[in-house]
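Colleague: Got a structure for you, written out below as structure tokens; questions coming shortly.
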Amino acid sequence: MRPPIIGIDAQSLTGKLQTGLGVYSQGIVNVMKRHPEAVDLRLIWPRDKKPFRRTFERLVWEQYYFVNAAYRQEVDLIHSPCFSVPRFTGIPKVVTAHDLIILKNPGLMPPGSRWYFAKWIPYTYKHADHIIAVSKTTRDDLVQILGLNPDKITVIYHGLKPGFRRSTDPDDINRIQYKYHAQGQFFLMVGSFEPRKNIHHAIDAFSRLAKKNKKLKLLLVGNDNPYQAQMRALAKELGVGEQVLFPGYVSDLELATLYSLAVALVFPSAAEGFGLPLLEAMSTGCAIIASDLKVFHEIAGDAAVYVPVGDPTALSEAMAKVLEDSVFRSDLFRRGLSRTLKFDWEHAAEETLRVYLRVLTRRGIKLTER
């Protein structure tokens with residue numbers, strides 16, 4: 001019996017900087033490429049390997065060009081690790097669902113993108129042979145909001161990149177402290193600059209502490225965009241413009257060091273499908289202060305301090321508690337490190353391959369030599 005030929009939609013791997021969707025796709029691909037005896041993986045790329053700028057371009061790729069390329073490569077199954085499922089093809093289809101945030105918060109996107117994410121993607125899920133959910137929270141949403149059959153859904157957690165471990169090298173620590181002006185105590189927030197991340201609450205909460213401690217800092221790691229400019233203005237308005245830093249994109253190795261040095265990761269997001277920074281923080285010994293979301297409890301368990309969504313006062317109080325109590329911080333680190341053992345890319349890839357084989361078996365596709 002030969003290994004199954006799997007066509008992967010590689011659009012989330014395009015571009016120089018990857019979001020959480022790209023991290024997921026790359027994590028699965030990296031492991032499967034190491035096991036050609038188990039799976040024949042074919043990455044199917046958009047032309048020029050460039051990110052799509054418009055929803056229409058993405059739609060045409062997924063429903064036409066990607067499918068045609070899959071037929072040419074005679075794949076046994078296609079996997080859409082992000083976005084929508086090809087609707088009009090007889091090839092067996094697996095899709096990974098990351099969240100249904102847009103259905104709960106439709107105002108987060110402009111009309112064109114809103115239709116694609118809130119209408120089209122959920123519609124195509126119904127035509128997948130099987131769905132991988134990145135959390136139990138996402139699985140429950142798929143069942144309760146979309147009415148999908150839970151038997152068609154398998155929960156497979158993200159893994160963790162090898163580079164995320166606690167930094168102890170003095171030279172690396174000194175270099176990164178100097179590069180990012182991270183000397184002394186600082187809180188860290190990591191992620192894209194979007195309203196749902198509640199960055200304005202993090203800045204508000206921080207400002208209440210910073211007025212009493214002029215050496216305290218808040219580092220907001222993420223790529224520049226117009227919303228970031230609004231957050232810069234807010235920090236100045238609250239009188240902490242010099243203490244709120246925007247380092248931009250940070251490499252994984254440098255980010256691991258920043259996690260290791262931070263007082264805590266602050267993650268007051270209003271909605272998430274997984275929350276990769278929580279996992280990164282736990283692996284590097286960084287305490288976590290997060291919004292009280294079901295999915296965050298699923299990931300971090302008792303290794304985080306939880307605050308109500310949209311409550312900067314409670315967030316500030318939690319930040320003060322973690323800042324002032326080093327024993328409490330150490331306890332959060334110990335709990336978090338033990339939880340990271342359940343998040344592993346090898347396990348995720350193995351479970352994903354099992355999903356492929358179950359779908360092929362149900363379809364009656366035999367993996368004989370061609």
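In the structure tokens, the first chain shown is A, the next is B, and so on; residue numbers restart at 1 for each chain, and ligands run from 1 in the order shown.
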Write out as a list in words which residues come within 8 Å of range 54-62 of chain A when counting only C-alpha atoms, dropping same-chain ones fewer than 5 positions away.
Modeller: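 In the requested format, the answer is Asp9, Pro46, Val67, Ser84, Val85, Pro86, Gly112, Ser113 and Tyr116 of chain A.
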Colleague: Those residues with C-alpha atoms, as a compact mmCIF listing (two decimals), in the first residue's frame please?
Modeller:
```txt
# COMPACT_ATOMS: atom_id res chain seq x y z
CA ASP A 9 -3.79 24.62 0.08
CA PRO A 46 -1.06 30.39 -5.50
CA VAL A 67 -8.96 22.38 -7.40
CA SER A 84 -13.07 27.80 2.71
CA VAL A 85 -13.63 24.31 1.32
CA PRO A 86 -13.66 23.80 -2.48
CA GLY A 112 -16.99 42.11 1.43
CA SER A 113 -14.81 40.22 3.84
CA TYR A 116 -16.78 35.57 2.84
```
Colleague: From a backbone DSSP assignment, name each residue in range 139-334 of chain A labelled strand (DSSP E or B), as an MDAnalysis selection string.
Modeller: chainID A and resid 153:155 186:190 217:221 244:248 264:267 287:291 305:307
Colleague: To one decimal in Å, tell me the separation between CA of Ile289 in chain A and CA of Phe267 in chain A.
Modeller: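 Atom-to-atom, CA of Ile289 in chain A and CA of Phe267 in chain A are spaced 6.1 Å apart.
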Colleague: Mind running range 4-118 of chain A against range 152-166 of chain A at 9 Å and telling me each contacting residue's nearest atom pair with the distance in Å (one decimal), counting only C-alpha atoms, chain and number ascending, as JSON lines?
Modeller:
```
{"residue": "A:Val23", "atom": "CA", "partner": "A:Lys161", "partner_atom": "CA", "distance": 8.7}
{"residue": "A:Tyr24", "atom": "CA", "partner": "A:His158", "partner_atom": "CA", "distance": 6.5}
{"residue": "A:Gly27", "atom": "CA", "partner": "A:Gly159", "partner_atom": "CA", "distance": 7.0}
{"residue": "A:Ile28", "atom": "CA", "partner": "A:Gly159", "partner_atom": "CA", "distance": 8.5}
```
Colleague: Please compute the CA of His35 in chain A-CA of Val95 in chain A distance, one decimal, in Å.
Modeller: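 That distance, rounded to one decimal, is 21.1 Å.
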Colleague: Name the residues in contact with range 196-207 of chain A at a cut-off of 7 Å, using only C-alpha atoms, excluding same-chain residues fewer than 4 positions from it; report them as JSON, numbers by chain.
Modeller: {"A": [211, 231, 235, 238, 240, 268, 269, 270, 271, 310, 312, 313, 315, 316]}
Colleague: Do a neighbour search on Asn149 in chain A at 12 Å with only C-alpha atoms, toss out local chain neighbours closer than 4 positions, and write the hits as a PyMOL selection string.
Modeller: chain A and resi 125-131+139-145+153-154
Colleague: For the selection you just gave me, I'd like the residues written to a file as an mmCIF file, in the first residue's frame, keeping N, CA, C and O atoms.
Modeller:
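Heads up, here's the output in out08.cif:
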```cif
data_model
loop_
_atom_site.group_PDB
_atom_site.id
_atom_site.type_symbol
_atom_site.label_atom_id
_atom_site.label_comp_id
_atom_site.auth_asym_id
_atom_site.auth_seq_id
_atom_site.Cartn_x
_atom_site.Cartn_y
_atom_site.Cartn_z
ATOM 1 N N TYR A 125 -18.270 24.583 4.921
ATOM 2 C CA TYR A 125 -17.979 23.550 5.917
ATOM 3 C C TYR A 125 -18.941 22.367 5.792
ATOM 4 O O TYR A 125 -18.571 21.220 6.056
ATOM 5 N N LYS A 126 -20.157 22.646 5.412
ATOM 6 C CA LYS A 126 -21.168 21.599 5.307
ATOM 7 C C LYS A 126 -20.851 20.594 4.200
ATOM 8 O O LYS A 126 -21.419 19.500 4.170
ATOM 9 N N HIS A 127 -19.945 20.970 3.311
ATOM 10 C CA HIS A 127 -19.608 20.106 2.186
ATOM 11 C C HIS A 127 -18.236 19.444 2.339
ATOM 12 O O HIS A 127 -17.739 18.808 1.413
ATOM 13 N N ALA A 128 -17.643 19.595 3.528
ATOM 14 C CA ALA A 128 -16.380 18.906 3.812
ATOM 15 C C ALA A 128 -16.678 17.482 4.267
ATOM 16 O O ALA A 128 -17.692 17.218 4.914
ATOM 17 N N ASP A 129 -15.781 16.560 3.933
ATOM 18 C CA ASP A 129 -15.926 15.193 4.438
ATOM 19 C C ASP A 129 -15.664 15.150 5.937
ATOM 20 O O ASP A 129 -16.293 14.365 6.654
ATOM 21 N N HIS A 130 -14.746 15.980 6.384
ATOM 22 C CA HIS A 130 -14.438 16.019 7.813
ATOM 23 C C HIS A 130 -13.854 17.385 8.156
ATOM 24 O O HIS A 130 -13.222 18.036 7.316
ATOM 25 N N ILE A 131 -14.071 17.801 9.407
ATOM 26 C CA ILE A 131 -13.586 19.093 9.887
ATOM 27 C C ILE A 131 -12.665 18.870 11.079
ATOM 28 O O ILE A 131 -13.003 18.121 12.000
ATOM 29 N N ARG A 139 -15.087 23.554 18.207
ATOM 30 C CA ARG A 139 -15.970 22.423 17.880
ATOM 31 C C ARG A 139 -17.389 22.683 18.369
ATOM 32 O O ARG A 139 -18.369 22.461 17.641
ATOM 33 N N ASP A 140 -17.512 23.141 19.601
ATOM 34 C CA ASP A 140 -18.841 23.400 20.160
ATOM 35 C C ASP A 140 -19.572 24.478 19.364
ATOM 36 O O ASP A 140 -20.787 24.396 19.149
ATOM 37 N N ASP A 141 -18.835 25.496 18.924
ATOM 38 C CA ASP A 141 -19.454 26.549 18.107
ATOM 39 C C ASP A 141 -19.931 25.998 16.768
ATOM 40 O O ASP A 141 -20.999 26.376 16.275
ATOM 41 N N LEU A 142 -19.141 25.129 16.167
ATOM 42 C CA LEU A 142 -19.534 24.529 14.891
ATOM 43 C C LEU A 142 -20.844 23.748 15.030
ATOM 44 O O LEU A 142 -21.695 23.773 14.146
ATOM 45 N N VAL A 143 -20.978 23.073 16.162
ATOM 46 C CA VAL A 143 -22.183 22.271 16.402
ATOM 47 C C VAL A 143 -23.369 23.151 16.772
ATOM 48 O O VAL A 143 -24.467 23.022 16.213
ATOM 49 N N GLN A 144 -23.142 24.082 17.701
ATOM 50 C CA GLN A 144 -24.249 24.871 18.229
ATOM 51 C C GLN A 144 -24.689 25.999 17.306
ATOM 52 O O GLN A 144 -25.882 26.294 17.195
ATOM 53 N N ILE A 145 -23.737 26.641 16.623
ATOM 54 C CA ILE A 145 -24.084 27.778 15.774
ATOM 55 C C ILE A 145 -24.426 27.340 14.354
ATOM 56 O O ILE A 145 -25.398 27.824 13.762
ATOM 57 N N ILE A 153 -16.460 16.078 13.221
ATOM 58 C CA ILE A 153 -15.487 17.043 13.735
ATOM 59 C C ILE A 153 -14.515 16.359 14.681
ATOM 60 O O ILE A 153 -14.929 15.620 15.578
ATOM 61 N N THR A 154 -13.228 16.614 14.482
ATOM 62 C CA THR A 154 -12.186 16.107 15.378
ATOM 63 C C THR A 154 -11.387 17.281 15.919
ATOM 64 O O THR A 154 -10.953 18.147 15.151
#
```
Colleague: So, with only C-alpha atoms as the atoms that count, which of A:Val309, A:Val221, A:Val263, A:Val322 lies closest to Tyr249 in chain A?
Modeller: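 Checking each of A:Val309, A:Val221, A:Val263, A:Val322 against Tyr249 in chain A, counting only C-alpha atoms, the winner is A:Val221.
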Colleague: Quick one: everything within 9 Å of range 354-360 of chain A, counting only C-alpha atoms, minus sequence neighbours fewer than 6 positions away in the same chain. Send it as a short mmCIF file (atom, residue, chain, number, x, y, z; two decimals) with N, CA and C atoms, in the first residue's frame.
Modeller:
```cif
data_model
loop_
_atom_site.label_atom_id
_atom_site.label_comp_id
_atom_site.auth_asym_id
_atom_site.auth_seq_id
_atom_site.Cartn_x
_atom_site.Cartn_y
_atom_site.Cartn_z
N PRO A 4 -0.95 7.97 1.21
CA PRO A 4 -1.94 8.82 0.54
C PRO A 4 -1.31 10.09 -0.01
N ILE A 6 -1.75 13.82 -0.55
CA ILE A 6 -2.56 14.88 0.05
C ILE A 6 -2.19 16.23 -0.56
N ASP A 76 -5.26 12.22 -3.62
CA ASP A 76 -6.34 11.39 -3.07
C ASP A 76 -7.29 12.23 -2.22
N LEU A 77 -6.77 13.31 -1.63
CA LEU A 77 -7.56 14.11 -0.71
C LEU A 77 -6.98 15.51 -0.68
N HIS A 79 -6.69 19.10 1.63
CA HIS A 79 -6.84 19.65 2.98
C HIS A 79 -6.74 21.16 2.88
N PRO A 92 -12.16 13.97 -2.07
CA PRO A 92 -12.41 14.05 -0.62
C PRO A 92 -11.79 15.29 -0.01
N LYS A 93 -12.49 15.92 0.93
CA LYS A 93 -12.09 17.23 1.44
C LYS A 93 -12.05 17.24 2.97
N VAL A 94 -10.95 17.75 3.51
CA VAL A 94 -10.81 18.01 4.94
C VAL A 94 -10.52 19.49 5.10
N ASP A 129 -15.78 16.56 3.93
CA ASP A 129 -15.93 15.19 4.44
C ASP A 129 -15.66 15.15 5.94
N HIS A 130 -14.75 15.98 6.38
CA HIS A 130 -14.44 16.02 7.81
C HIS A 130 -13.85 17.39 8.16
N ILE A 131 -14.07 17.80 9.41
CA ILE A 131 -13.59 19.09 9.89
C ILE A 131 -12.67 18.87 11.08
N ILE A 132 -11.51 19.52 11.04
CA ILE A 132 -10.61 19.55 12.19
C ILE A 132 -10.84 20.87 12.90
N THR A 154 -13.23 16.61 14.48
CA THR A 154 -12.19 16.11 15.38
C THR A 154 -11.39 17.28 15.92
N LYS A 366 -8.92 3.09 -2.27
CA LYS A 366 -7.85 2.17 -1.92
C LYS A 366 -6.51 2.73 -2.38
N LEU A 367 -5.54 2.68 -1.49
CA LEU A 367 -4.24 3.25 -1.78
C LEU A 367 -3.32 2.23 -2.43
#
```
Colleague: Between CA of Phe66 in chain A and CA of Arg2 in chain A, what is the distance, to one decimal in Å?
Modeller: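 These two atoms are separated by 23.7 Å.
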Colleague: Using backbone DSSP assignments, extract all alpha helix (DSSP H) residues from range 65-156 of chain A; output them as a ChimeraX atom specification.
Modeller: /A:66-72,101-104,111-115,121-125,136-146
Colleague: Can you spit out the residues from that selection as a compact mmCIF listing (two decimals), in the first residue's frame, using N, CA and C atoms?
Modeller:
```
# COMPACT_ATOMS: atom_id res chain seq x y z
N PHE A 66 -7.00 26.12 -7.28
CA PHE A 66 -6.52 25.11 -6.34
C PHE A 66 -7.06 23.73 -6.72
N VAL A 67 -8.35 23.66 -7.04
CA VAL A 67 -8.96 22.38 -7.40
C VAL A 67 -8.35 21.82 -8.67
N ASN A 68 -8.16 22.67 -9.67
CA ASN A 68 -7.56 22.20 -10.93
C ASN A 68 -6.16 21.66 -10.70
N ALA A 69 -5.39 22.35 -9.88
CA ALA A 69 -4.03 21.88 -9.59
C ALA A 69 -4.07 20.54 -8.85
N ALA A 70 -5.05 20.38 -7.96
CA ALA A 70 -5.20 19.11 -7.24
C ALA A 70 -5.52 17.97 -8.19
N TYR A 71 -6.38 18.22 -9.17
CA TYR A 71 -6.69 17.19 -10.17
C TYR A 71 -5.45 16.83 -10.98
N ARG A 72 -4.68 17.84 -11.38
CA ARG A 72 -3.48 17.58 -12.19
C ARG A 72 -2.47 16.73 -11.42
N ILE A 101 -15.41 33.57 15.02
CA ILE A 101 -15.43 34.89 15.64
C ILE A 101 -16.32 35.86 14.88
N ILE A 102 -16.24 35.84 13.56
CA ILE A 102 -16.97 36.82 12.76
C ILE A 102 -18.49 36.64 12.90
N LEU A 103 -18.94 35.42 13.17
CA LEU A 103 -20.38 35.19 13.36
C LEU A 103 -20.86 35.79 14.67
N LYS A 104 -19.98 35.84 15.65
CA LYS A 104 -20.34 36.41 16.95
C LYS A 104 -20.12 37.93 16.97
N PRO A 111 -17.94 44.87 4.70
CA PRO A 111 -18.96 44.00 4.11
C PRO A 111 -18.44 42.87 3.22
N GLY A 112 -17.49 43.15 2.34
CA GLY A 112 -16.99 42.11 1.43
C GLY A 112 -16.36 40.95 2.17
N SER A 113 -15.46 41.26 3.06
CA SER A 113 -14.81 40.22 3.84
C SER A 113 -15.80 39.54 4.78
N ARG A 114 -16.75 40.32 5.29
CA ARG A 114 -17.75 39.77 6.21
C ARG A 114 -18.56 38.67 5.52
N TRP A 115 -18.96 38.91 4.26
CA TRP A 115 -19.72 37.89 3.53
C TRP A 115 -18.90 36.61 3.39
N ILE A 121 -17.66 30.79 4.10
CA ILE A 121 -16.87 29.75 4.77
C ILE A 121 -17.76 28.79 5.56
N PRO A 122 -18.67 29.29 6.43
CA PRO A 122 -19.55 28.34 7.14
C PRO A 122 -20.38 27.47 6.20
N TYR A 123 -20.82 28.05 5.07
CA TYR A 123 -21.59 27.27 4.09
C TYR A 123 -20.75 26.12 3.54
N THR A 124 -19.49 26.40 3.23
CA THR A 124 -18.66 25.35 2.62
C THR A 124 -18.29 24.26 3.62
N TYR A 125 -18.27 24.58 4.92
CA TYR A 125 -17.98 23.55 5.92
C TYR A 125 -18.94 22.37 5.79
N LYS A 136 -11.80 22.63 21.55
CA LYS A 136 -13.14 22.15 21.86
C LYS A 136 -14.14 23.30 21.76
N THR A 137 -13.69 24.49 22.08
CA THR A 137 -14.55 25.67 21.98
C THR A 137 -15.02 25.87 20.55
N THR A 138 -14.09 25.77 19.60
CA THR A 138 -14.46 25.91 18.19
C THR A 138 -15.38 24.77 17.75
N ARG A 139 -15.09 23.55 18.21
CA ARG A 139 -15.97 22.42 17.88
C ARG A 139 -17.39 22.68 18.37
N ASP A 140 -17.51 23.14 19.60
CA ASP A 140 -18.84 23.40 20.16
C ASP A 140 -19.57 24.48 19.36
N ASP A 141 -18.84 25.50 18.92
CA ASP A 141 -19.45 26.55 18.11
C ASP A 141 -19.93 26.00 16.77
N LEU A 142 -19.14 25.13 16.17
CA LEU A 142 -19.53 24.53 14.89
C LEU A 142 -20.84 23.75 15.03
N VAL A 143 -20.98 23.07 16.16
CA VAL A 143 -22.18 22.27 16.40
C VAL A 143 -23.37 23.15 16.77
N GLN A 144 -23.14 24.08 17.70
CA GLN A 144 -24.25 24.87 18.23
C GLN A 144 -24.69 26.00 17.31
N ILE A 145 -23.74 26.64 16.62
CA ILE A 145 -24.08 27.78 15.77
C ILE A 145 -24.43 27.34 14.35
N LEU A 146 -23.64 26.41 13.80
CA LEU A 146 -23.86 25.98 12.42
C LEU A 146 -24.69 24.71 12.31
```
Colleague: Can you tell me which residues surround Ser326 in chain A at a distance of at most 12 Å, considering only C-alpha atoms, apart from same-chain residues fewer than 4 positions away, and format the answer as a ChimeraX atom specification?
Modeller: /A:263-264,286-287,320-322,330-333
Colleague: Between A:Ile8, A:Val75, A:Lys179, A:Phe83, which residue has the minimum interatomic distance to Leu43 in chain A, considering only C-alpha atoms?
Modeller: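 Counting only C-alpha atoms, the residue closest to Leu43 in chain A is A:Ile8.
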